[in-house]
Structures are given as structure tokens and as C-alpha cells.
Amino acid sequence: MHPKKIQGKHGKPSKGQPISVSLEIRSANRSYSDIGDYKDARSSAQRIHGPNRTAIYDIYDLVLHDPHLFGIINKRNDAVLNKGIRFVKDDSQVEQMEEFCNSERLRNIMEEIMWQLQWGLTGFQFLKGKEFKQYNIPRKHIKPDLGIISYEQSGSDGIDYTEDPLIWVIGDRDDYGLLMKAAPYVLWKNGNWADWAQFNEIFGMPVRVMTYNMHDPQSKIEAKKALSETGSALELLVPEGVTYDMKDGKGSNANGELQNKFKDAINAELSVLILGNTETTTSSKTSGYAQSQTHAAQQFEVTMSDMIYVLNKLNSPEFLNILKSYGYPVEGGRFEFESEKDMKVVKEHMIVISLAKKMGTPVSDDYIYEVTGIPKPANYDQLVKQKEEERQAILKSAQQDPELHNRRASSPGAQKLWDKLLNGFF
């Protein structure tokens, strides 16, 4: 059963106001978390009865401060966000939608849809009115098991979003995003950084060892004074006759390489999780051209999957109805990404086209436009006619020039130019 839509001291936001004005928004808990905290938070989020994502989302917020994780997520997102998008109807672009397709508003929505893959949930509120206005709903307040936006981040009272056509929530009850898999690796890496810092602090500077006569208290005082006046490096004061040996593990980890390898291994696992590969972000010692090409192809497949996912959401009845409520002409149309050309493939095609023309094989101009992706001019027929008239004028003038015939007979280069002119290459 859903709770009552409006309960307690909170009130439903008035028209023109975002839902967040009625919520008790709290800052994320960014205190130190370890694997034990992660396991408890995961169990709380995955409970059958009364699941609560508050703690796990606080950990998500914490691990996103890791530069490598944040960087590869943005890299995956940008691969989709930087693609051109348009709205088409009957295979023709709808000009009235062009401004919206190029707007920051649509880009923000697409970005949040991409982030939903990491968090498991995302939600939007669209305000009534002529102007398109959208707010992101705080994720910790979205309760997919209850179908509400809760007033308190851990509460069960709130606003029923299942009956509001201007509230759009994406994500399933059992979807916790890729960050649930990434979080433990970042927490391990945070602990590794702490150990590495301690290693550098202890062994990064030389250890000063001074001995004193245990039977002479004054010598101990003088030795201690000497150490304190000669810097702040690690210092040890040992009585004479006492054997001192620091078991520091430097025999197997003399320069901190153990921590460095652990960090690199974690970063590689995170790259595989988010991007599907490692070589498009960092280069391994054994990597080569073939391996990097294989990894690039793997990431391309991930990007294609993300593009399909984003289009499915943008073309969903929920979002199209929201756009329709603002007066956008979306009836019978759909969003699609603009096709992009692989310049390596285009170059290969152009070489073949050039060879075909040299052999005298006719090649359709429409095929060249299709292969290269160059837009065909609106006045194409007029330009072709004008070009042919110029060629005929040059040809006529050349045929009447007796010197040209003499040069053709004596120069292979001149003959080639003449052949090109006759075949329409100029």
C-alpha cells in the first residue's frame, strides 16, 4: 500500500514550485567509510521490506570524489552527450524542435539519464506553464518501492509520483547502479592511499638513530636535545649495548611499489566495469596497436548501447507527453542521433572513388555525398549545370588554340590534363 500523499507538517508544493521546497534536504554524510559500512549500507538498500538507499547513496557520493572513477564515468557520458541529436517525423527533421535539440535543457536531461546507469535512479519534475522548466529530484528521496517522493530521506511519507504526469522517475526498485559494484574498490583504494602515505611518512626520510650511555642520565638528555635541534625526521634514542633493527618490509617493498600496483589494479578493474576496457584510458606495458584497437571497439559497443538506452527514454510516452504539454510538436515523431562518419572508412572509400574515376568509371555524386556525409547543396542541379557550362567554354577555347595541340603532342603531362578536361574532371 502507498502511504497517504500528504501527511505531517509538510505541504504539497504550490503551482510553479519544485518539489524540493517541501523536502527536508540533508547534506551527504562524507565521513570515513570502510568495507563494513558499505556492507551494512548495501544490506539496508536491498532489504525486502522497508529498503532504504540513504546510506548507500552517501557512500556513492563519497566514492565519486575518486578522480579515476569520476573521470571514466564522465568519459562514458561524454561519448553520448557529444553526439548530435535531432527530432524527426516521416524521416524529415522537424525544424520547430531544432532549438530544443541543441539546448542545454535537453543535454541536462540526457546527462541525468546517463547518471541513472551509475546510481540506479533519477527523477525529474516538470513545472506547468508555457516555458519548459525542469528540476532534478534528490535521489535519496525517491522511494521506488512505495512510489513516492519522501519528505525525509529515510521516511515513508511523501508525494505519490505515480499519478503525476509531470514527475518522471527512471529506474527500477532492484536497480542500484554500477556504483554499487564500484564502491568497494574505491574504499579499498582509499585505505591503500592511507597506507601509502604512512609508508612515505615513515620511510620517505632517513631514520636518525643516536645512542647514549644508559648509566649516564645526562648523556640521554644531551642526546635528546641534539635530536630535537636537528630537524623533524624520524628519530630514535637507543641505549648503548641495545641492538636495534627496524623490520620495515623494505626488502619486498623498498619504494612503495606494492601500493602502486594495488592502486593500478583497482583502477583497471574500475575501467573495465565502467568502460568495458582499460586501454582507452591507461596504457599497460604489454599493450600494442592491435590491443588498443580491440579495446576501442569494445568501448564503441558500450557507447552504442548507451545511445540506444538514452533514445528509448527520450522516445518513451512519458517524456513525449511532457514535451507535448509544453506545446512541442512531437506527435508521431521521435528523437534520433545524427549519423557520424568514421573518417578512416571515408578515406578508404574516397581512394576507391578516385581510382574509379581515373579508370573512367562513372561514380554517382549522390554516392559521394552519402559516403562522406557532406550535405548536398539545395541548388545542386544549378551548380552542376553551371560547372558543365564552364567546362564546355574552356574546352571550346582550348580546341581553338593551335599552341595547345603542339604542347599536347610534345608533353605527356599536357595530354593528361587534356584527357581530364574531356572526361569532366575539371
# chains A, B, ... in the order shown; residues from 1 in each chain; ligands from 1
>>> select_by_dssp(residues="stretch 50-258 of chain A", states="strand (DSSP E or B)", output="ChimeraX atom specification")
/A:85-89,92-93,122-126,134-136,142-143,148-150,158-160,167-170,208-212,235-239
>>> write_last_selection(atoms="N, CA and C atoms", output="mmCIF file, in the first residue's frame")
data_model
loop_
_atom_site.group_PDB
_atom_site.id
_atom_site.type_symbol
_atom_site.label_atom_id
_atom_site.label_comp_id
_atom_site.auth_asym_id
_atom_site.auth_seq_id
_atom_site.Cartn_x
_atom_site.Cartn_y
_atom_site.Cartn_z
ATOM 1 N N ILE A 85 21.953 15.348 -31.893
ATOM 2 C CA ILE A 85 20.640 14.709 -31.801
ATOM 3 C C ILE A 85 19.610 15.584 -32.511
ATOM 4 N N ARG A 86 18.612 14.966 -33.084
ATOM 5 C CA ARG A 86 17.569 15.693 -33.793
ATOM 6 C C ARG A 86 16.229 15.005 -33.578
ATOM 7 N N PHE A 87 15.165 15.697 -33.952
ATOM 8 C CA PHE A 87 13.819 15.134 -33.839
ATOM 9 C C PHE A 87 13.254 15.024 -35.249
ATOM 10 N N VAL A 88 12.829 13.817 -35.616
ATOM 11 C CA VAL A 88 12.364 13.577 -36.979
ATOM 12 C C VAL A 88 10.925 13.083 -36.979
ATOM 13 N N LYS A 89 10.250 13.381 -38.087
ATOM 14 C CA LYS A 89 8.886 12.905 -38.315
ATOM 15 C C LYS A 89 8.773 12.577 -39.796
ATOM 16 N N SER A 92 11.906 13.129 -41.853
ATOM 17 C CA SER A 92 12.339 14.509 -42.084
ATOM 18 C C SER A 92 12.515 15.207 -40.744
ATOM 19 N N GLN A 93 13.542 16.042 -40.655
ATOM 20 C CA GLN A 93 13.804 16.742 -39.410
ATOM 21 C C GLN A 93 12.734 17.803 -39.158
ATOM 22 N N THR A 122 16.952 8.054 -11.131
ATOM 23 C CA THR A 122 16.983 9.502 -11.348
ATOM 24 C C THR A 122 15.547 9.953 -11.540
ATOM 25 N N GLY A 123 15.269 11.196 -11.198
ATOM 26 C CA GLY A 123 13.902 11.689 -11.283
ATOM 27 C C GLY A 123 13.850 13.151 -11.672
ATOM 28 N N PHE A 124 12.805 13.528 -12.413
ATOM 29 C CA PHE A 124 12.615 14.896 -12.860
ATOM 30 C C PHE A 124 11.222 15.370 -12.470
ATOM 31 N N GLN A 125 11.127 16.650 -12.170
ATOM 32 C CA GLN A 125 9.839 17.305 -12.012
ATOM 33 C C GLN A 125 9.748 18.425 -13.042
ATOM 34 N N PHE A 126 8.677 18.435 -13.826
ATOM 35 C CA PHE A 126 8.455 19.467 -14.832
ATOM 36 C C PHE A 126 7.303 20.347 -14.369
ATOM 37 N N GLN A 134 12.465 22.350 -15.695
ATOM 38 C CA GLN A 134 12.665 21.027 -15.118
ATOM 39 C C GLN A 134 13.597 21.101 -13.916
ATOM 40 N N TYR A 135 13.298 20.291 -12.888
ATOM 41 C CA TYR A 135 14.140 20.191 -11.691
ATOM 42 C C TYR A 135 14.503 18.728 -11.480
ATOM 43 N N ASN A 136 15.718 18.505 -10.998
ATOM 44 C CA ASN A 136 16.137 17.154 -10.643
ATOM 45 C C ASN A 136 15.695 16.852 -9.212
ATOM 46 N N ILE A 142 13.698 9.519 -3.477
ATOM 47 C CA ILE A 142 12.876 8.716 -4.379
ATOM 48 C C ILE A 142 12.751 7.306 -3.800
ATOM 49 N N LYS A 143 11.534 6.888 -3.554
ATOM 50 C CA LYS A 143 11.269 5.567 -2.970
ATOM 51 C C LYS A 143 10.508 4.723 -3.990
ATOM 52 N N ILE A 148 6.797 6.994 -4.090
ATOM 53 C CA ILE A 148 6.646 8.339 -3.527
ATOM 54 C C ILE A 148 7.965 9.098 -3.583
ATOM 55 N N ILE A 149 7.850 10.410 -3.452
ATOM 56 C CA ILE A 149 8.978 11.285 -3.147
ATOM 57 C C ILE A 149 8.847 11.606 -1.669
ATOM 58 N N SER A 150 9.727 11.065 -0.836
ATOM 59 C CA SER A 150 9.563 11.180 0.616
ATOM 60 C C SER A 150 10.006 12.551 1.110
ATOM 61 N N GLY A 158 5.167 10.893 1.895
ATOM 62 C CA GLY A 158 5.578 11.791 0.833
ATOM 63 C C GLY A 158 4.530 11.995 -0.229
ATOM 64 N N ILE A 159 4.973 12.383 -1.405
ATOM 65 C CA ILE A 159 4.106 12.716 -2.532
ATOM 66 C C ILE A 159 4.101 11.556 -3.509
ATOM 67 N N ASP A 160 2.918 11.086 -3.855
ATOM 68 C CA ASP A 160 2.769 9.971 -4.779
ATOM 69 C C ASP A 160 3.099 10.455 -6.196
ATOM 70 N N ILE A 167 5.896 14.306 -13.232
ATOM 71 C CA ILE A 167 7.023 13.739 -12.486
ATOM 72 C C ILE A 167 7.455 12.474 -13.211
ATOM 73 N N TRP A 168 8.707 12.448 -13.578
ATOM 74 C CA TRP A 168 9.241 11.337 -14.378
ATOM 75 C C TRP A 168 10.396 10.704 -13.620
ATOM 76 N N VAL A 169 10.195 9.475 -13.150
ATOM 77 C CA VAL A 169 11.219 8.734 -12.407
ATOM 78 C C VAL A 169 11.704 7.578 -13.268
ATOM 79 N N ILE A 170 13.014 7.465 -13.412
ATOM 80 C CA ILE A 170 13.628 6.408 -14.220
ATOM 81 C C ILE A 170 14.416 5.483 -13.298
ATOM 82 N N ARG A 208 67.090 8.745 12.023
ATOM 83 C CA ARG A 208 68.278 9.141 12.799
ATOM 84 C C ARG A 208 68.308 8.348 14.102
ATOM 85 N N VAL A 209 69.341 7.594 14.297
ATOM 86 C CA VAL A 209 69.489 6.769 15.493
ATOM 87 C C VAL A 209 70.671 7.297 16.300
ATOM 88 N N MET A 210 70.441 7.576 17.582
ATOM 89 C CA MET A 210 71.500 8.062 18.467
ATOM 90 C C MET A 210 71.507 7.201 19.726
ATOM 91 N N THR A 211 72.689 6.823 20.125
ATOM 92 C CA THR A 211 72.828 6.010 21.336
ATOM 93 C C THR A 211 73.369 6.856 22.486
ATOM 94 N N TYR A 212 73.093 6.411 23.700
ATOM 95 C CA TYR A 212 73.572 7.105 24.881
ATOM 96 C C TYR A 212 73.971 6.066 25.939
ATOM 97 N N GLU A 235 63.258 9.924 14.535
ATOM 98 C CA GLU A 235 64.425 9.844 15.400
ATOM 99 C C GLU A 235 64.235 8.751 16.442
ATOM 100 N N LEU A 236 65.297 8.072 16.754
ATOM 101 C CA LEU A 236 65.271 7.012 17.751
ATOM 102 C C LEU A 236 66.439 7.210 18.714
ATOM 103 N N LEU A 237 66.171 7.054 19.990
ATOM 104 C CA LEU A 237 67.180 7.190 21.035
ATOM 105 C C LEU A 237 67.339 5.831 21.698
ATOM 106 N N VAL A 238 68.503 5.199 21.503
ATOM 107 C CA VAL A 238 68.709 3.816 21.934
ATOM 108 C C VAL A 238 69.882 3.761 22.909
ATOM 109 N N PRO A 239 69.719 3.080 24.042
ATOM 110 C CA PRO A 239 70.843 2.931 24.984
ATOM 111 C C PRO A 239 71.973 2.122 24.356
#
>>> closest_residue(among="A:Glu24, A:Glu111, A:Glu152, A:Glu104", to="A:Asp306", atoms="only C-alpha atoms")
A:Glu111
>>> atom_distance(atom1="atom CA of A:Trp119", atom2="atom CA of A:Gly171")
9.0 Å
>>> select_by_dssp(residues="stretch 84-284 of chain A", states="alpha helix (DSSP H)", output="VMD selection string")
chain A and resid 98 to 101 104 to 119 179 to 203 217 to 228 257 to 275
>>> closest_residue(among="A:Ile137, A:Glu257, A:Asp145, A:Asp164", to="A:Pro18", atoms="only C-alpha atoms")
A:Ile137
>>> atom_distance(atom1="atom CA of A:Trp115", atom2="atom CA of A:Ile73")
8.4 Å
